[in-house]
>>> print(open('model36.txt').read())   # compact mmCIF, C-alpha atoms
# COMPACT_ATOMS: atom_id res chain seq x y z
CA MET A 1 0.00 0.00 0.00
CA THR A 2 1.36 3.39 -0.93
CA SER A 3 2.17 5.91 1.73
CA MET A 4 -0.26 8.28 0.02
CA PHE A 5 -3.07 5.76 0.35
CA GLN A 6 -2.23 5.15 3.97
CA SER A 7 -2.28 8.87 4.58
CA ALA A 8 -5.66 9.15 2.90
CA LYS A 9 -7.01 6.41 5.12
CA ARG A 10 -5.82 8.27 8.21
CA LYS A 11 -7.73 11.32 7.02
CA GLY A 12 -10.94 9.36 6.85
CA MET A 13 -11.00 8.05 3.31
CA ARG A 14 -12.96 5.04 4.47
CA THR A 15 -15.79 7.26 5.60
CA PHE A 16 -15.68 9.26 2.39
CA ILE A 17 -15.57 6.53 -0.20
CA THR A 18 -18.08 4.28 1.48
CA ALA A 19 -20.36 7.19 1.14
CA THR A 20 -21.51 6.77 -2.28
CA ALA A 21 -23.97 5.68 0.36
CA ILE A 22 -23.16 8.11 3.18
CA LEU A 23 -21.76 11.36 1.73
CA MET A 24 -23.18 11.11 -1.76
CA LEU A 25 -26.55 9.62 -0.93
CA LEU A 26 -27.02 11.08 2.53
CA GLN A 27 -25.87 14.39 1.12
CA THR A 28 -26.93 17.62 2.75
CA ALA A 29 -25.40 20.01 0.24
CA VAL A 30 -28.10 21.58 -1.91
CA ALA A 31 -27.10 22.42 -5.45
CA PRO A 32 -27.82 26.04 -6.40
CA LEU A 33 -30.10 26.58 -9.36
CA SER A 34 -28.09 29.29 -11.06
CA GLY A 35 -27.50 28.13 -14.59
CA VAL A 36 -30.72 26.19 -14.85
CA ALA A 37 -31.98 28.70 -17.37
CA ALA A 38 -29.05 27.81 -19.58
CA ALA A 39 -29.63 24.12 -19.08
CA ALA A 40 -33.37 24.32 -19.55
CA SER A 41 -35.22 25.64 -22.56
CA SER A 42 -36.10 29.32 -22.39
CA SER A 43 -38.72 28.95 -25.13
CA THR A 44 -42.32 28.15 -24.27
CA ASP A 45 -43.85 24.82 -25.27
CA THR A 46 -46.75 24.86 -27.73
CA LYS A 47 -49.09 23.13 -25.25
CA VAL A 48 -48.92 25.78 -22.55
CA THR A 49 -48.59 29.50 -22.08
CA THR A 50 -45.85 31.19 -20.12
CA ALA A 51 -48.41 32.74 -17.78
CA SER A 52 -50.15 29.47 -16.90
CA SER A 53 -46.82 27.72 -16.51
CA THR A 54 -45.56 30.43 -14.18
CA THR A 55 -48.70 30.19 -12.06
CA ILE A 56 -48.23 26.45 -11.60
CA TYR A 57 -44.55 26.98 -10.82
CA LYS A 58 -45.32 29.53 -8.10
CA THR A 59 -47.99 27.31 -6.56
CA PHE A 60 -45.54 24.42 -6.49
CA LEU A 61 -42.93 26.53 -4.70
CA SER A 62 -45.43 27.67 -2.09
CA MET A 63 -46.24 24.04 -1.33
CA LEU A 64 -42.67 22.79 -1.45
CA TYR A 65 -41.34 25.02 1.31
CA LYS A 66 -44.16 24.48 3.79
CA LYS A 67 -43.32 22.35 6.82
CA ASN A 68 -43.52 18.68 5.80
CA GLY A 69 -44.59 19.86 2.37
CA LEU A 70 -42.60 17.40 0.27
CA PRO A 71 -45.33 14.78 -0.26
CA ALA A 72 -47.98 17.33 -1.25
CA ALA A 73 -45.58 19.22 -3.53
CA ASP A 74 -44.63 15.97 -5.27
CA THR A 75 -48.27 15.05 -5.79
CA TYR A 76 -49.00 18.50 -7.19
CA LEU A 77 -46.00 18.36 -9.50
CA GLU A 78 -47.01 14.93 -10.82
CA SER A 79 -50.51 16.23 -11.61
CA HIS A 80 -49.36 19.44 -13.30
CA ILE A 81 -45.98 18.81 -14.90
CA ASN A 82 -47.63 18.17 -18.28
CA GLN A 83 -49.10 21.68 -18.11
CA VAL A 84 -45.83 23.63 -17.86
CA THR A 85 -42.96 24.52 -20.13
CA THR A 86 -39.86 22.34 -20.28
CA TYR A 87 -38.01 25.14 -18.52
CA HIS A 88 -40.39 25.18 -15.55
CA ALA A 89 -40.62 21.38 -15.46
CA THR A 90 -36.85 21.11 -15.23
CA LEU A 91 -36.64 23.84 -12.63
CA MET A 92 -39.32 22.27 -10.44
CA VAL A 93 -37.76 18.81 -10.56
CA LEU A 94 -34.38 20.23 -9.55
CA GLN A 95 -35.95 22.24 -6.75
CA LEU A 96 -37.76 19.12 -5.54
CA GLU A 97 -34.42 17.32 -5.46
CA ASN A 98 -32.85 20.20 -3.56
CA ALA A 99 -35.66 20.25 -1.02
CA ARG A 100 -35.45 16.50 -0.49
CA ASN A 101 -31.70 16.71 0.01
CA LYS A 102 -32.11 19.56 2.47
CA ALA A 103 -34.74 17.68 4.49
CA LEU A 104 -32.79 14.41 4.48
CA THR A 105 -30.62 15.30 7.47
CA ALA A 106 -33.64 15.91 9.70
CA MET A 107 -35.31 12.70 8.55
CA THR A 108 -32.10 10.75 9.12
CA ASP A 109 -31.85 12.14 12.66
CA ARG A 110 -35.44 11.09 13.37
CA LEU A 111 -34.85 7.54 12.18
CA LEU A 112 -31.55 7.20 14.04
CA VAL A 113 -33.12 7.92 17.44
CA PRO A 114 -32.16 4.79 19.42
CA ASN A 115 -35.65 3.60 20.32
CA VAL A 116 -36.83 4.18 16.74
CA GLN A 117 -33.87 2.23 15.35
CA ASP A 118 -34.54 -0.58 17.80
CA LYS A 119 -38.15 -0.89 16.70
CA MET A 120 -37.21 -0.77 13.02
CA ILE A 121 -34.41 -3.32 13.28
CA LYS A 122 -36.58 -5.77 15.24
CA THR A 123 -39.11 -5.66 12.41
CA TYR A 124 -36.72 -5.34 9.47
CA LYS A 125 -36.08 -8.10 6.93
CA LEU A 126 -33.41 -8.08 4.23
CA ASN A 127 -34.07 -5.52 1.47
CA ASP A 128 -37.21 -4.21 3.14
CA SER A 129 -38.72 -1.00 1.80
CA PHE A 130 -40.45 1.57 3.96
CA THR A 131 -43.76 0.15 2.74
CA LYS A 132 -42.90 -3.41 3.77
CA LEU A 133 -41.65 -2.25 7.15
CA MET A 134 -44.86 -0.28 7.66
CA SER A 135 -46.94 -3.39 6.98
CA ARG A 136 -45.20 -5.30 9.76
CA THR A 137 -45.41 -2.82 12.59
CA ASN A 138 -48.34 -2.18 14.90
CA ASP A 139 -46.74 0.98 16.26
CA THR A 140 -48.86 3.77 14.80
CA SER A 141 -46.30 6.53 15.45
CA LEU A 142 -43.54 4.49 13.80
CA ARG A 143 -45.78 3.69 10.85
CA ALA A 144 -46.56 7.38 10.39
CA LEU A 145 -42.86 8.25 10.45
CA LEU A 146 -42.00 5.55 7.91
CA GLN A 147 -44.80 6.72 5.63
CA GLN A 148 -43.59 10.29 5.84
CA ALA A 149 -40.06 9.17 4.92
CA ARG A 150 -41.33 7.18 1.95
CA ASP A 151 -43.68 9.90 0.70
CA SER A 152 -40.96 12.52 1.10
CA GLY A 153 -38.92 10.75 -1.60
CA TYR A 154 -36.57 8.51 0.36
CA ARG A 155 -35.86 4.80 0.35
CA LEU A 156 -34.69 2.56 3.18
CA VAL A 157 -31.23 0.98 3.28
CA MET A 158 -29.16 -0.88 5.84
CA LEU A 159 -25.71 0.71 6.10
CA GLU A 160 -23.10 -0.55 8.53
CA GLY A 161 -25.73 -2.05 10.83
CA SER A 162 -28.14 0.89 10.94
CA LEU A 163 -31.23 1.71 8.89
CA TYR A 164 -31.03 4.96 6.93
CA PRO A 165 -33.20 6.92 4.55
CA ILE A 166 -31.44 7.80 1.31
CA MET A 167 -32.55 9.68 -1.77
CA ASN A 168 -34.86 7.58 -3.94
CA TYR A 169 -34.10 8.67 -7.49
CA MET A 170 -36.45 6.06 -8.91
CA ALA A 171 -39.16 8.39 -7.58
CA PHE A 172 -37.96 10.99 -10.12
CA GLN A 173 -38.34 8.63 -13.09
CA LYS A 174 -41.95 9.71 -13.63
CA TYR A 175 -40.66 13.16 -14.55
CA ILE A 176 -37.88 12.37 -17.02
CA SER A 177 -40.01 12.77 -20.17
CA TYR A 178 -40.71 16.40 -19.19
CA VAL A 179 -37.24 17.69 -18.32
CA LYS A 180 -34.24 18.66 -20.41
CA PRO A 181 -31.95 15.87 -21.69
CA ASP A 182 -29.13 16.52 -19.24
CA ILE A 183 -31.41 16.26 -16.22
CA LYS A 184 -33.04 13.14 -17.65
CA GLN A 185 -29.61 11.53 -17.91
CA TYR A 186 -28.64 12.80 -14.45
CA ILE A 187 -31.76 11.22 -12.91
CA ASN A 188 -31.00 7.93 -14.68
CA ILE A 189 -27.43 7.94 -13.34
CA MET A 190 -28.58 8.64 -9.80
CA ALA A 191 -31.41 6.10 -10.00
CA VAL A 192 -28.87 3.37 -10.75
CA GLU A 193 -26.73 4.62 -7.88
CA THR A 194 -29.46 4.63 -5.24
CA SER A 195 -31.17 1.45 -6.41
CA ASN A 196 -28.03 -0.65 -6.10
CA LEU A 197 -25.42 0.91 -3.81
CA ALA A 198 -21.81 0.47 -4.84
CA ALA A 199 -20.33 0.30 -1.35
CA ASP A 200 -21.21 -0.72 2.18
CA ASP A 201 -19.14 -1.08 5.34
CA GLY A 202 -15.88 -0.18 3.62
CA ALA A 203 -16.35 -2.73 0.84
CA LEU A 204 -17.41 -2.71 -2.78
CA VAL A 205 -20.64 -4.64 -3.24
CA ILE A 206 -21.00 -4.45 -7.03
CA GLY A 207 -18.84 -6.11 -9.69
CA TYR A 208 -15.80 -4.56 -11.32
CA GLN A 209 -17.40 -4.37 -14.75
CA GLU A 210 -20.38 -2.58 -13.22
CA ILE A 211 -18.01 -0.09 -11.58
CA LEU A 212 -16.47 0.72 -14.95
CA ASN A 213 -19.81 0.88 -16.75
CA ARG A 214 -21.14 3.37 -14.22
CA ALA A 215 -17.99 5.46 -14.49
CA LEU A 216 -18.32 5.51 -18.28
CA ASN A 217 -21.92 6.71 -18.05
CA GLN A 218 -20.81 9.45 -15.70
CA GLU A 219 -17.96 10.44 -18.03
CA ARG A 220 -20.37 10.49 -20.98
CA PHE A 221 -22.65 12.87 -19.08
CA LEU A 222 -19.75 15.20 -18.26
CA ASN A 223 -18.62 15.24 -21.89
CA GLU A 224 -22.10 15.80 -23.32
CA TYR A 225 -23.36 18.32 -20.76
CA PRO A 226 -20.37 20.31 -19.44
CA LYS A 227 -22.65 23.23 -18.50
CA SER A 228 -25.38 21.20 -16.82
CA ASN A 229 -26.65 22.43 -13.48
CA ARG A 230 -25.80 18.99 -12.07
CA VAL A 231 -22.30 18.67 -13.48
CA GLN A 232 -20.63 18.98 -10.05
CA GLU A 233 -22.73 16.20 -8.56
CA VAL A 234 -21.71 13.86 -11.38
CA LYS A 235 -18.07 14.93 -11.08
CA ASN A 236 -18.14 14.03 -7.39
CA LEU A 237 -19.69 10.69 -8.21
CA MET A 238 -17.10 9.94 -10.87
CA ASN A 239 -14.34 10.85 -8.41
CA ASN A 240 -15.69 8.07 -6.19
CA TYR A 241 -15.66 5.60 -9.03
CA THR A 242 -12.15 6.57 -10.08
CA LEU A 243 -10.95 5.69 -6.57
CA TYR A 244 -12.96 2.47 -6.60
CA THR A 245 -11.36 1.54 -9.90
CA PHE A 246 -7.72 2.23 -9.12
CA TYR A 247 -7.64 1.60 -5.37
CA GLY A 248 -10.73 -0.31 -4.32
CA LEU A 249 -11.92 0.14 -0.74
CA ASN A 250 -10.40 -0.71 2.61
CA ASN A 251 -12.21 -4.04 2.89
CA THR A 252 -12.00 -4.79 -0.84
CA PRO A 253 -8.63 -3.34 -1.92
CA LEU A 254 -7.63 -3.62 -5.56
CA PHE A 255 -4.33 -5.14 -4.46
CA ASP A 256 -4.38 -7.76 -1.72
CA TYR A 257 -2.78 -6.50 1.48
CA GLU A 258 -0.85 -9.74 2.06
CA THR A 259 0.26 -10.74 -1.43
CA ASN A 260 0.22 -7.34 -3.16
CA LYS A 261 -1.49 -9.10 -6.08
CA MET A 262 -4.25 -7.41 -8.06
CA THR A 263 -7.64 -9.00 -7.43
CA ALA A 264 -8.32 -11.66 -10.06
CA ASN A 265 -11.91 -10.53 -10.66
CA ALA A 266 -10.71 -6.98 -11.26
CA GLN A 267 -8.15 -8.25 -13.79
CA LYS A 268 -10.86 -10.12 -15.68
CA GLY A 269 -13.44 -7.34 -15.42
CA TYR A 270 -11.11 -4.57 -16.54
CA LYS A 271 -9.84 -6.57 -19.50
CA ALA A 272 -13.38 -7.41 -20.58
CA VAL A 273 -14.53 -3.79 -20.50
CA LEU A 274 -11.43 -2.61 -22.36
CA GLN A 275 -12.02 -5.24 -25.03
CA ARG A 276 -15.65 -4.17 -25.53
CA ASN A 277 -15.06 -0.40 -25.55
CA SER A 278 -12.79 1.89 -27.50
CA SER A 279 -10.67 4.19 -25.36
CA GLU A 280 -10.42 6.73 -28.18
CA ASP A 281 -13.07 9.08 -26.81
CA SER A 282 -12.70 8.20 -23.14
CA ALA A 283 -10.02 9.72 -20.93
CA PHE A 284 -11.11 7.30 -18.20
CA LEU A 285 -10.57 4.20 -20.35
CA THR A 286 -7.32 5.62 -21.72
CA LYS A 287 -6.05 5.94 -18.16
CA LEU A 288 -7.27 2.45 -17.30
CA GLU A 289 -5.60 1.04 -20.40
CA LYS A 290 -2.27 2.56 -19.41
CA PHE A 291 -2.72 1.25 -15.87
CA MET A 292 -3.38 -2.26 -17.12
CA ASP A 293 -0.22 -2.08 -19.24
CA ILE A 294 1.80 -1.14 -16.16
CA VAL A 295 0.31 -3.85 -13.91
CA THR A 296 0.56 -6.49 -16.62
CA GLU A 297 4.25 -5.72 -16.97
CA ALA A 298 4.51 -6.03 -13.17
CA LYS A 299 2.75 -9.43 -13.32
CA PHE A 300 -0.21 -7.87 -11.51
CA GLU A 301 1.79 -7.07 -8.41
CA LYS A 302 1.78 -3.68 -6.73
CA THR A 303 5.41 -2.90 -7.37
CA ALA A 304 7.17 0.40 -6.79
CA ALA A 305 6.57 1.23 -10.47
CA VAL A 306 2.83 0.64 -10.08
CA GLU A 307 2.69 2.74 -6.92
CA LYS A 308 4.56 5.56 -8.62
CA TRP A 309 2.21 5.46 -11.59
CA LEU A 310 -0.81 5.65 -9.31
CA GLU A 311 0.63 8.54 -7.31
CA GLN A 312 1.35 10.47 -10.51
CA ASN A 313 -1.80 9.65 -12.48
CA VAL A 314 -4.50 8.97 -9.87
CA PRO A 315 -3.48 10.94 -6.77
CA VAL A 316 -5.97 10.27 -4.02
CA SER A 317 -6.00 13.91 -2.91
CA GLU A 318 -7.27 14.95 -6.35
CA TYR A 319 -10.25 12.61 -6.34
CA ALA A 320 -11.29 12.46 -2.69
CA ASN A 321 -14.03 15.06 -2.15
CA TYR A 322 -13.02 15.93 1.41
>>> encode(input="model36.txt", output="structure tokens")
Amino acid sequence: MTSMFQSAKRKGMRTFITATAILMLLQTAVAPLSGVAAAASSSTDTKVTTASSTTIYKTFLSMLYKKNGLPAADTYLESHINQVTTYHATLMVLQLENARNKALTAMTDRLLVPNVQDKMIKTYKLNDSFTKLMSRTNDTSLRALLQQARDSGYRLVMLEGSLYPIMNYMAFQKYISYVKPDIKQYINIMAVETSNLAADDGALVIGYQEILNRALNQERFLNEYPKSNRVQEVKNLMNNYTLYTFYGLNNTPLFDYETNKMTANAQKGYKAVLQRNSSEDSAFLTKLEKFMDIVTEAKFEKTAAVEKWLEQNVPVSEYANY
């Protein structure tokens, strides 16, 4: 293990990277909406007028920022999104995401209260949703809390032994035909991320080919929509996947701690993806190709030459979103 990687671990890299679930999905940062006008169409759609669209938009905002207003605002948006311009539809979906992210911390705190966690865990079964958990509890106050979490746009996951709410991007899928192409693609990327988490308890829990495929989708988004309002979120996500690819995680390192050998499944997965995809238009695959050349020459051992290459070409400090 390189000294740089050890240093990153001491600074809390385990907490950071695992948080495709924790820091990315339990995020509290709310993306500003400056630039949405550039990302969304400024022309009015033929089906609606600017005035009627603006009225719906203002009503939506008034509902969204009321206390516990997320469920009602979502219901209103679903009923009216086909009556607004693409610009307003995109803006409202992004503001709904922002509001859900902002409210997530408070919901997380409510669910992590010890007696609430105890009740949930006693009832919980593997891969339970909020709905399934609700059906198994007779505690009316707990059922109401779980329903509020679900209807506010969150899904239930078990992370490191505790039950958390995370953003449920599948709940945004009903809106993708109304928003601009970049936000449609962004929602699709995040839906994959939240439906099947990449990491848990300091370990990767998806396959190596899936890691690369997700990274390529993220890279494609960044190349196609460099001015998107959600470009920073996707950059952060791709930073995670770059570290997953070239370092692994503490409990699933790319190179075995004892033998210094590259994981066999990673060797196979990386080769397969490189064989199926051209690296010509992908800086990510070009870097991976060069890495595989170096490790192949080193007989898949983490030699000094491999460590030096990683430090020069994939420095942890550049990709860890501390």
>>> atom_distance(input="model36.txt", atom1="CA of Glu307 (chain A)", atom2="CA of Leu254 (chain A)")
12.2 Å
>>> atom_distance(input="model36.txt", atom1="CA of Ser162 (chain A)", atom2="CA of Gln117 (chain A)")
7.4 Å
>>> atom_distance(input="model36.txt", atom1="CA of Val116 (chain A)", atom2="CA of Leu142 (chain A)")
7.3 Å
>>> closest_residue(input="model36.txt", among="A:Glu233, A:Glu219, A:Asp151, A:Glu297", to="Leu285 (chain A)", atoms="only C-alpha atoms")
A:Glu219
>>> axis_aligned_box(input="model36.txt", around="region 66-77 of chain A", padding_each_side="8 Å", output="lines of an AutoDock Vina configuration file")
center_x = -45.8
center_y = 19.6
center_z = -1.3
size_x = 22.4
size_y = 25.7
size_z = 32.3
>>> closest_residue(input="model36.txt", among="A:Glu258, A:Asp139, A:Asp182, A:Glu193", to="Asn168 (chain A)", atoms="only C-alpha atoms")
A:Glu193
>>> residues_around(input="model36.txt", residues="Thr54 (chain A)", least_positions_apart="6", cutoff="10 Å", atoms="all atoms listed in the file", output="number ranges by chain")
A: 60, 84-85, 88
>>> closest_atom_pairs(input="model36.txt", of="region 144-253 of chain A", to="region 105-113 of chain A", cutoff="8 Å", atoms="all atoms listed in the file", output="CSV")
residue,atom,partner,partner_atom,distance
A:Ala149,CA,A:Met107,CA,6.9
A:Ser162,CA,A:Leu112,CA,7.8
A:Leu163,CA,A:Leu112,CA,7.5
A:Tyr164,CA,A:Thr108,CA,6.3
A:Pro165,CA,A:Thr108,CA,6.1
>>> closest_residue(input="model36.txt", among="A:Arg100, A:Lys299, A:Lys235, A:Arg214", to="Ala171 (chain A)", atoms="only C-alpha atoms")
A:Arg100
>>> residues_around(input="model36.txt", residues="Lys261 (chain A)", least_positions_apart="4", cutoff="9 Å", atoms="all atoms listed in the file", output="ChimeraX atom specification")
/A:254-257,299-302
>>> closest_residue(input="model36.txt", among="A:Met170, A:Leu288, A:Ala199, A:Val295", to="Leu212 (chain A)", atoms="all atoms listed in the file")
A:Leu288
>>> closest_residue(input="model36.txt", among="A:Arg155, A:Arg276, A:Lys271, A:Lys58", to="Glu289 (chain A)", atoms="all atoms listed in the file")
A:Lys271
>>> closest_residue(input="model36.txt", among="A:Gln173, A:Ser141, A:Ser228, A:Gln147", to="Leu33 (chain A)", atoms="only C-alpha atoms")
A:Ser228
>>> residues_near_point(input="model36.txt", point="(-46.8, 5.3, 3.8)", cutoff="10 Å", atoms="all atoms listed in the file", output="list in words")
Phe130, Thr131, Lys132, Leu133, Met134, Ser135, Arg143, Ala144, Leu145, Leu146, Gln147, Gln148, Ala149, Arg150, Asp151 and Ser152 of chain A
